[in-house]
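Visitor: One file: data.txt (compact mmCIF, N, CA, C and O atoms).
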```
# COMPACT_ATOMS: atom_id res chain seq x y z
N MET A 1 18.26 -33.87 12.62
CA MET A 1 16.93 -34.43 12.42
C MET A 1 16.77 -34.84 10.95
O MET A 1 16.99 -34.05 10.05
N SER A 2 16.39 -36.04 10.76
CA SER A 2 16.22 -36.58 9.40
C SER A 2 14.76 -36.43 8.96
O SER A 2 13.85 -36.59 9.76
N THR A 3 14.57 -36.10 7.69
CA THR A 3 13.22 -35.99 7.15
C THR A 3 13.11 -36.85 5.90
O THR A 3 14.09 -37.06 5.18
N THR A 4 11.92 -37.37 5.67
CA THR A 4 11.65 -38.16 4.46
C THR A 4 10.37 -37.62 3.84
O THR A 4 9.39 -37.37 4.54
N ALA A 5 10.41 -37.44 2.52
CA ALA A 5 9.24 -36.94 1.80
C ALA A 5 9.09 -37.70 0.49
O ALA A 5 10.08 -38.14 -0.09
N VAL A 6 7.85 -37.86 0.06
CA VAL A 6 7.55 -38.55 -1.19
C VAL A 6 7.00 -37.53 -2.18
O VAL A 6 6.11 -36.73 -1.83
N PHE A 7 7.53 -37.55 -3.39
CA PHE A 7 7.12 -36.61 -4.43
C PHE A 7 6.65 -37.37 -5.66
O PHE A 7 7.15 -38.45 -5.96
N THR A 8 5.69 -36.78 -6.38
CA THR A 8 5.21 -37.34 -7.64
C THR A 8 6.07 -36.78 -8.76
O THR A 8 6.30 -35.57 -8.83
N VAL A 9 6.54 -37.68 -9.63
CA VAL A 9 7.37 -37.28 -10.77
C VAL A 9 6.77 -37.90 -12.03
O VAL A 9 6.44 -39.09 -12.04
N THR A 10 6.64 -37.10 -13.08
CA THR A 10 6.10 -37.62 -14.34
C THR A 10 7.23 -37.86 -15.33
O THR A 10 8.27 -37.20 -15.27
N GLY A 11 7.02 -38.83 -16.20
CA GLY A 11 7.97 -39.11 -17.27
C GLY A 11 8.84 -40.33 -17.06
O GLY A 11 9.51 -40.77 -17.99
N MET A 12 8.86 -40.88 -15.85
CA MET A 12 9.67 -42.08 -15.60
C MET A 12 8.98 -43.31 -16.17
O MET A 12 7.78 -43.45 -16.03
N SER A 13 9.77 -44.19 -16.81
CA SER A 13 9.16 -45.41 -17.34
C SER A 13 10.01 -46.66 -17.13
O SER A 13 9.56 -47.75 -17.44
N CYS A 14 11.24 -46.52 -16.63
CA CYS A 14 12.11 -47.69 -16.52
C CYS A 14 13.19 -47.49 -15.47
O CYS A 14 13.29 -46.42 -14.85
N GLY A 15 14.01 -48.49 -15.30
CA GLY A 15 15.11 -48.45 -14.35
C GLY A 15 16.12 -47.36 -14.67
O GLY A 15 16.70 -46.75 -13.77
N HIS A 16 16.33 -47.09 -15.95
CA HIS A 16 17.26 -46.03 -16.34
C HIS A 16 16.75 -44.68 -15.85
O HIS A 16 17.52 -43.85 -15.37
N CYS A 17 15.45 -44.47 -15.96
CA CYS A 17 14.82 -43.24 -15.47
C CYS A 17 15.06 -43.10 -13.97
O CYS A 17 15.44 -42.03 -13.48
N GLU A 18 14.81 -44.18 -13.24
CA GLU A 18 15.00 -44.17 -11.79
C GLU A 18 16.44 -43.82 -11.43
O GLU A 18 16.69 -43.01 -10.54
N LYS A 19 17.40 -44.41 -12.16
CA LYS A 19 18.82 -44.18 -11.89
C LYS A 19 19.19 -42.72 -12.17
O LYS A 19 19.91 -42.10 -11.39
N SER A 20 18.70 -42.17 -13.26
CA SER A 20 19.00 -40.78 -13.61
C SER A 20 18.52 -39.82 -12.53
O SER A 20 19.26 -38.92 -12.11
N ILE A 21 17.31 -40.02 -12.07
CA ILE A 21 16.75 -39.15 -11.02
C ILE A 21 17.51 -39.35 -9.72
O ILE A 21 17.87 -38.38 -9.05
N SER A 22 17.78 -40.60 -9.37
CA SER A 22 18.49 -40.88 -8.12
C SER A 22 19.86 -40.20 -8.10
O SER A 22 20.26 -39.63 -7.08
N GLU A 23 20.58 -40.25 -9.22
CA GLU A 23 21.91 -39.64 -9.27
C GLU A 23 21.83 -38.13 -9.09
O GLU A 23 22.62 -37.55 -8.34
N GLU A 24 20.90 -37.47 -9.76
CA GLU A 24 20.77 -36.02 -9.65
C GLU A 24 20.35 -35.59 -8.25
O GLU A 24 20.93 -34.67 -7.67
N VAL A 25 19.35 -36.27 -7.70
CA VAL A 25 18.82 -35.88 -6.39
C VAL A 25 19.82 -36.21 -5.28
O VAL A 25 19.97 -35.44 -4.32
N SER A 26 20.57 -37.31 -5.42
CA SER A 26 21.57 -37.69 -4.42
C SER A 26 22.65 -36.63 -4.26
O SER A 26 23.28 -36.54 -3.21
N ALA A 27 22.88 -35.84 -5.30
CA ALA A 27 23.93 -34.82 -5.27
C ALA A 27 23.51 -33.58 -4.46
O ALA A 27 24.35 -32.74 -4.16
N LEU A 28 22.24 -33.48 -4.10
CA LEU A 28 21.78 -32.31 -3.33
C LEU A 28 22.33 -32.36 -1.91
O LEU A 28 22.44 -33.44 -1.32
N PRO A 29 22.66 -31.20 -1.34
CA PRO A 29 23.19 -31.14 0.02
C PRO A 29 22.23 -31.75 1.04
O PRO A 29 21.04 -31.47 1.01
N GLY A 30 22.76 -32.61 1.90
CA GLY A 30 21.96 -33.19 2.98
C GLY A 30 21.19 -34.44 2.62
O GLY A 30 20.71 -35.15 3.51
N VAL A 31 21.07 -34.76 1.33
CA VAL A 31 20.29 -35.94 0.93
C VAL A 31 21.05 -37.21 1.30
O VAL A 31 22.22 -37.36 0.98
N THR A 32 20.37 -38.11 2.01
CA THR A 32 21.01 -39.34 2.48
C THR A 32 20.51 -40.58 1.73
O THR A 32 21.18 -41.60 1.70
N ASP A 33 19.30 -40.50 1.15
CA ASP A 33 18.76 -41.65 0.44
C ASP A 33 17.72 -41.19 -0.58
O ASP A 33 16.96 -40.27 -0.30
N VAL A 34 17.73 -41.85 -1.73
CA VAL A 34 16.74 -41.56 -2.78
C VAL A 34 16.22 -42.88 -3.32
O VAL A 34 17.00 -43.77 -3.64
N ALA A 35 14.90 -43.01 -3.41
CA ALA A 35 14.29 -44.21 -3.99
C ALA A 35 13.28 -43.77 -5.03
O ALA A 35 12.20 -43.29 -4.70
N ALA A 36 13.66 -43.90 -6.31
CA ALA A 36 12.75 -43.56 -7.39
C ALA A 36 11.99 -44.82 -7.80
O ALA A 36 12.58 -45.89 -7.89
N ASP A 37 10.70 -44.70 -8.04
CA ASP A 37 9.86 -45.82 -8.42
C ASP A 37 9.08 -45.44 -9.68
O ASP A 37 8.08 -44.72 -9.61
N ALA A 38 9.57 -45.90 -10.83
CA ALA A 38 8.95 -45.54 -12.12
C ALA A 38 7.51 -46.02 -12.20
O ALA A 38 6.64 -45.31 -12.70
N LYS A 39 7.24 -47.23 -11.70
CA LYS A 39 5.90 -47.79 -11.78
C LYS A 39 4.89 -46.94 -11.00
O LYS A 39 3.79 -46.68 -11.47
N ALA A 40 5.29 -46.49 -9.81
CA ALA A 40 4.40 -45.68 -8.98
C ALA A 40 4.46 -44.20 -9.36
O ALA A 40 3.58 -43.42 -8.99
N GLY A 41 5.53 -43.79 -10.07
CA GLY A 41 5.69 -42.39 -10.43
C GLY A 41 6.07 -41.53 -9.25
O GLY A 41 5.67 -40.37 -9.16
N THR A 42 6.84 -42.12 -8.32
CA THR A 42 7.22 -41.38 -7.12
C THR A 42 8.73 -41.42 -6.89
O THR A 42 9.43 -42.30 -7.38
N VAL A 43 9.18 -40.44 -6.12
CA VAL A 43 10.55 -40.40 -5.65
C VAL A 43 10.48 -40.12 -4.15
O VAL A 43 9.87 -39.14 -3.72
N THR A 44 11.09 -41.01 -3.36
CA THR A 44 11.15 -40.84 -1.92
C THR A 44 12.54 -40.33 -1.58
O THR A 44 13.53 -40.95 -1.97
N VAL A 45 12.60 -39.20 -0.89
CA VAL A 45 13.87 -38.57 -0.58
C VAL A 45 14.03 -38.43 0.93
O VAL A 45 13.15 -37.89 1.60
N SER A 46 15.15 -38.92 1.45
CA SER A 46 15.48 -38.74 2.86
C SER A 46 16.65 -37.78 2.93
O SER A 46 17.58 -37.86 2.13
N SER A 47 16.59 -36.86 3.90
CA SER A 47 17.67 -35.90 4.04
C SER A 47 17.90 -35.56 5.51
O SER A 47 17.01 -35.75 6.34
N GLU A 48 19.09 -35.04 5.77
CA GLU A 48 19.46 -34.67 7.14
C GLU A 48 18.92 -33.30 7.53
O GLU A 48 19.02 -32.90 8.68
N GLN A 49 18.39 -32.58 6.56
CA GLN A 49 17.87 -31.23 6.81
C GLN A 49 16.61 -31.04 5.97
O GLN A 49 16.36 -31.82 5.06
N PRO A 50 15.82 -30.02 6.25
CA PRO A 50 14.63 -29.78 5.42
C PRO A 50 15.02 -29.64 3.95
O PRO A 50 16.03 -29.02 3.63
N LEU A 51 14.26 -30.27 3.08
CA LEU A 51 14.55 -30.24 1.65
C LEU A 51 14.22 -28.89 1.04
O LEU A 51 13.19 -28.31 1.34
N ASP A 52 15.09 -28.43 0.17
CA ASP A 52 14.84 -27.23 -0.61
C ASP A 52 14.08 -27.72 -1.85
O ASP A 52 14.68 -28.30 -2.75
N GLU A 53 12.76 -27.51 -1.87
CA GLU A 53 11.95 -28.05 -2.96
C GLU A 53 12.33 -27.48 -4.31
O GLU A 53 12.25 -28.16 -5.32
N SER A 54 12.78 -26.23 -4.35
CA SER A 54 13.17 -25.65 -5.64
C SER A 54 14.44 -26.33 -6.16
O SER A 54 14.58 -26.58 -7.36
N ALA A 55 15.37 -26.68 -5.26
CA ALA A 55 16.59 -27.39 -5.67
C ALA A 55 16.24 -28.81 -6.11
O ALA A 55 16.79 -29.32 -7.09
N LEU A 56 15.29 -29.43 -5.42
CA LEU A 56 14.84 -30.77 -5.79
C LEU A 56 14.19 -30.74 -7.17
O LEU A 56 14.48 -31.57 -8.03
N ARG A 57 13.33 -29.75 -7.40
CA ARG A 57 12.67 -29.60 -8.70
C ARG A 57 13.71 -29.42 -9.81
O ARG A 57 13.62 -30.02 -10.88
N ALA A 58 14.73 -28.60 -9.55
CA ALA A 58 15.79 -28.36 -10.53
C ALA A 58 16.57 -29.64 -10.82
O ALA A 58 16.91 -29.91 -11.98
N ALA A 59 16.83 -30.45 -9.80
CA ALA A 59 17.56 -31.71 -9.99
C ALA A 59 16.75 -32.68 -10.84
O ALA A 59 17.28 -33.34 -11.73
N VAL A 60 15.44 -32.77 -10.57
CA VAL A 60 14.57 -33.66 -11.35
C VAL A 60 14.47 -33.16 -12.79
O VAL A 60 14.54 -33.94 -13.74
N ASP A 61 14.37 -31.84 -12.97
CA ASP A 61 14.35 -31.25 -14.31
C ASP A 61 15.64 -31.58 -15.06
O ASP A 61 15.62 -31.90 -16.24
N GLU A 62 16.77 -31.47 -14.36
CA GLU A 62 18.08 -31.74 -14.95
C GLU A 62 18.15 -33.18 -15.46
O GLU A 62 18.77 -33.46 -16.48
N ALA A 63 17.48 -34.08 -14.74
CA ALA A 63 17.46 -35.49 -15.15
C ALA A 63 16.50 -35.71 -16.33
O ALA A 63 16.50 -36.78 -16.94
N GLY A 64 15.67 -34.71 -16.64
CA GLY A 64 14.77 -34.80 -17.78
C GLY A 64 13.34 -35.18 -17.44
O GLY A 64 12.58 -35.61 -18.30
N TYR A 65 12.95 -34.99 -16.18
CA TYR A 65 11.60 -35.36 -15.74
C TYR A 65 10.96 -34.17 -15.04
O TYR A 65 11.59 -33.15 -14.84
N GLU A 66 9.69 -34.31 -14.66
CA GLU A 66 8.99 -33.21 -14.03
C GLU A 66 8.51 -33.57 -12.64
O GLU A 66 7.78 -34.55 -12.46
N LEU A 67 8.90 -32.76 -11.67
CA LEU A 67 8.42 -32.92 -10.30
C LEU A 67 7.06 -32.25 -10.23
O LEU A 67 6.95 -31.04 -10.48
N VAL A 68 6.02 -33.02 -9.92
CA VAL A 68 4.68 -32.48 -9.86
C VAL A 68 4.42 -31.85 -8.49
O VAL A 68 3.79 -30.81 -8.39
N GLY A 69 4.90 -32.49 -7.44
CA GLY A 69 4.69 -31.99 -6.08
C GLY A 69 4.75 -33.15 -5.11
O GLY A 69 5.08 -34.28 -5.48
N ARG A 70 4.40 -32.87 -3.87
CA ARG A 70 4.39 -33.93 -2.87
C ARG A 70 3.28 -34.94 -3.17
O ARG A 70 2.20 -34.55 -3.55
N ALA A 71 3.62 -36.19 -2.98
CA ALA A 71 2.66 -37.26 -3.27
C ALA A 71 1.68 -37.42 -2.12
O ALA A 71 1.96 -37.05 -1.01
```
Go ahead and express the file in the form of structure tokens.
Guide:
Amino acid sequence: MSTTAVFTVTGMSCGHCEKSISEEVSALPGVTDVAADAKAGTVTVSSEQPLDESALRAAVDEAGYELVGRA
């Protein structure tokens, strides 16, 4: 079963920001697609299993941004 969730992320301002977050989040187990949108301040994540929000938060932190929560 595939799930998709949208999260609010602060600190993104450009394509480089989007790429950094996408690379970190894509490495999480089960993640099949990541779409970061700096203008909207969101990250849409699709995965094959329920997302571990703490792992997602850690991945966004690792990229240098802050996951605020579900959008």
Visitor: Let's see if you can do this: from backbone DSSP, list all strand (DSSP E or B) residues in chain A, as an MDAnalysis selection string.
Guide: chainID A and resid 3:10 31:37 42:47 66:70
Visitor: Quick one: everything within 12 Å of A:Thr32, counting only C-alpha atoms, minus sequence neighbours fewer than 2 positions away in the same chain. Send it as an NGL selection string.
Guide: :A and (1-4 or 22-23 or 25-30 or 34-35 or 44-51)
Visitor: Please identify every residue of stretch 15-50 of chain A that has at least one atom no farther than 7 Å from an atom of stretch 56-67 of chain A, counting only C-alpha atoms, and for each give the shortest atom pair and the distance in Å to one decimal, arranged by chain then increasing number, as a tab-separated table.
Guide:
```
residue	atom	partner	partner_atom	distance
A:Ser20	CA	A:Ala63	CA	5.7
A:Ile21	CA	A:Ala63	CA	5.6
A:Glu24	CA	A:Ala59	CA	5.4
A:Val25	CA	A:Ala59	CA	5.7
```
Visitor: DSSP says helix (DSSP H, G or I) for which residues of stretch 5-46 of chain A? Put them as number ranges by chain?
Guide: A: 15-26
Visitor: Suppose you want the space between atom N of A:Gly11 and atom O of A:Ala71; what is it in Å?
Guide: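 Atom-to-atom, atom N of A:Gly11 and atom O of A:Ala71 are spaced 16.1 Å apart.
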